[in-house]
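What follows is a single structure, written as structure tokens, with notes after it.
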Amino acid sequence: MIAPVRALRTLAEVARRHGPLGLALVAWTSLACRQVRRQLARGGLDAVRLPAPPPGGTDALLRRALRWAGGNCLESSLVRQRWCARRRVFRTVVIGVSPPDADFHAHAWLDGDPDPHRHELAEILRRPTPPAWRP
């Protein structure tokens, strides 16, 4: 989460560089990230339902908005998966885990993303784009 004054400056910059559609994407991303967080807590992956994102925006802006919203790797991957589906690009969310030792960790990403950690992780789940998200 970013501080209020910095947030206003950031939103003004987004409006200047990306216009109203950029602002709409930032707002949608923030709300979607919160929705995913709540839905995962209540019902797991099968409970995730997101409305369609607004048209426009860029992947870079979406990623920035996810950082501002504080999304973890799974939340961010699900929001990005929904955003990609709106553009008729159907990507699979992948979840991987490290071996069960003191340094255990898990990570989620979209299939095809460059990720330096994924070679150390064993894939345990692949979640294709839900049919309801396909136009």
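How things are named: the first chain in the structure tokens is A, the next is B, and so on; residues count from 1 in each chain; ligands count from 1 in the order shown.
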Self-check item: Who sits within 8 Å of stretch 84-87 of chain A, only C-alpha atoms, same chain under 4 positions skipped, as a list in words
Solution: Ala52, Pro53, Arg80, Arg91, Thr129, Trp133, Arg134 and Pro135 of chain A
Exercise. Assign secondary structure with DSSP using the backbone only, and return the residues of chain A in strand (DSSP E) as a ChimeraX atom specification.
Key: /A:93-97,106-110,122-127
Quiz item: For A:Thr10, which residue among A:Pro55, A:Arg64, A:Gly71, A:Leu25 is the nearest when counting only C-alpha atoms?
Solution: A:Arg64
Practice problem: Just the alpha helix (DSSP H) stuff from stretch 56-100 of chain A, please, per backbone DSSP, written as a PyMOL selection string. | Solution: chain A and resi 59-69+73-86
Would you output that residue set with C-alpha atoms, as a CSV table (one decimal), in the first residue's frame?
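Generated file (again-v9.csv):
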```csv
chain,number,residue,atom,x,y,z
A,59,ASP,CA,0.7,-5.1,-18.7
A,60,ALA,CA,3.3,-2.8,-17.1
A,61,LEU,CA,0.5,-0.6,-15.6
A,62,LEU,CA,-1.3,-3.7,-14.4
A,63,ARG,CA,1.8,-5.0,-12.7
A,64,ARG,CA,2.5,-1.6,-11.1
A,65,ALA,CA,-1.1,-1.5,-9.8
A,66,LEU,CA,-0.7,-5.0,-8.3
A,67,ARG,CA,2.4,-3.8,-6.5
A,68,TRP,CA,0.5,-0.8,-5.2
A,69,ALA,CA,-2.4,-3.0,-4.1
A,73,CYS,CA,2.1,-13.9,-6.1
A,74,LEU,CA,-1.1,-16.0,-6.2
A,75,GLU,CA,-3.4,-13.0,-6.0
A,76,SER,CA,-1.4,-11.2,-8.7
A,77,SER,CA,-1.4,-14.2,-11.0
A,78,LEU,CA,-5.1,-14.7,-10.8
A,79,VAL,CA,-5.8,-11.0,-11.4
A,80,ARG,CA,-3.4,-11.0,-14.4
A,81,GLN,CA,-5.0,-14.2,-15.7
A,82,ARG,CA,-8.4,-12.5,-15.7
A,83,TRP,CA,-6.9,-9.4,-17.4
A,84,CYS,CA,-5.3,-11.6,-20.1
A,85,ALA,CA,-8.6,-13.5,-20.7
A,86,ARG,CA,-10.3,-10.1,-21.4
```
Practice problem: For A:Arg38, work out the shell of residues within 12 Å, counting only C-alpha atoms and skipping chain neighbours fewer than 5 positions away, then give it as a list in words. | Solution: Leu31, Ala32, Cys33, Gly43, Gly44, Leu45, Ala47, Val48, Arg49, Leu50, Gly71 and Glu75 of chain A
Quiz prompt | Nearest to A:Thr29, chosen from A:Val97, A:Leu121, A:Thr58, A:Arg6, with only C-alpha atoms counted in the distances | solution =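 Closest candidate: A:Thr58.
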Quiz item: For A:Leu110, which residue among A:Gln39, A:Pro54, A:Thr92, A:Arg127 is the nearest when counting only C-alpha atoms?
Solution: A:Thr92
Quiz prompt | Atom-to-atom span, atom CA of A:Trp109 and atom CA of A:Ala132, Å | solution =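 A separation of 20.4 Å between them.
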Quiz item: So how many Å separate atom CA of A:Leu40 and atom CA of A:Ser98, to one decimal?
Solution: 21.4 Å
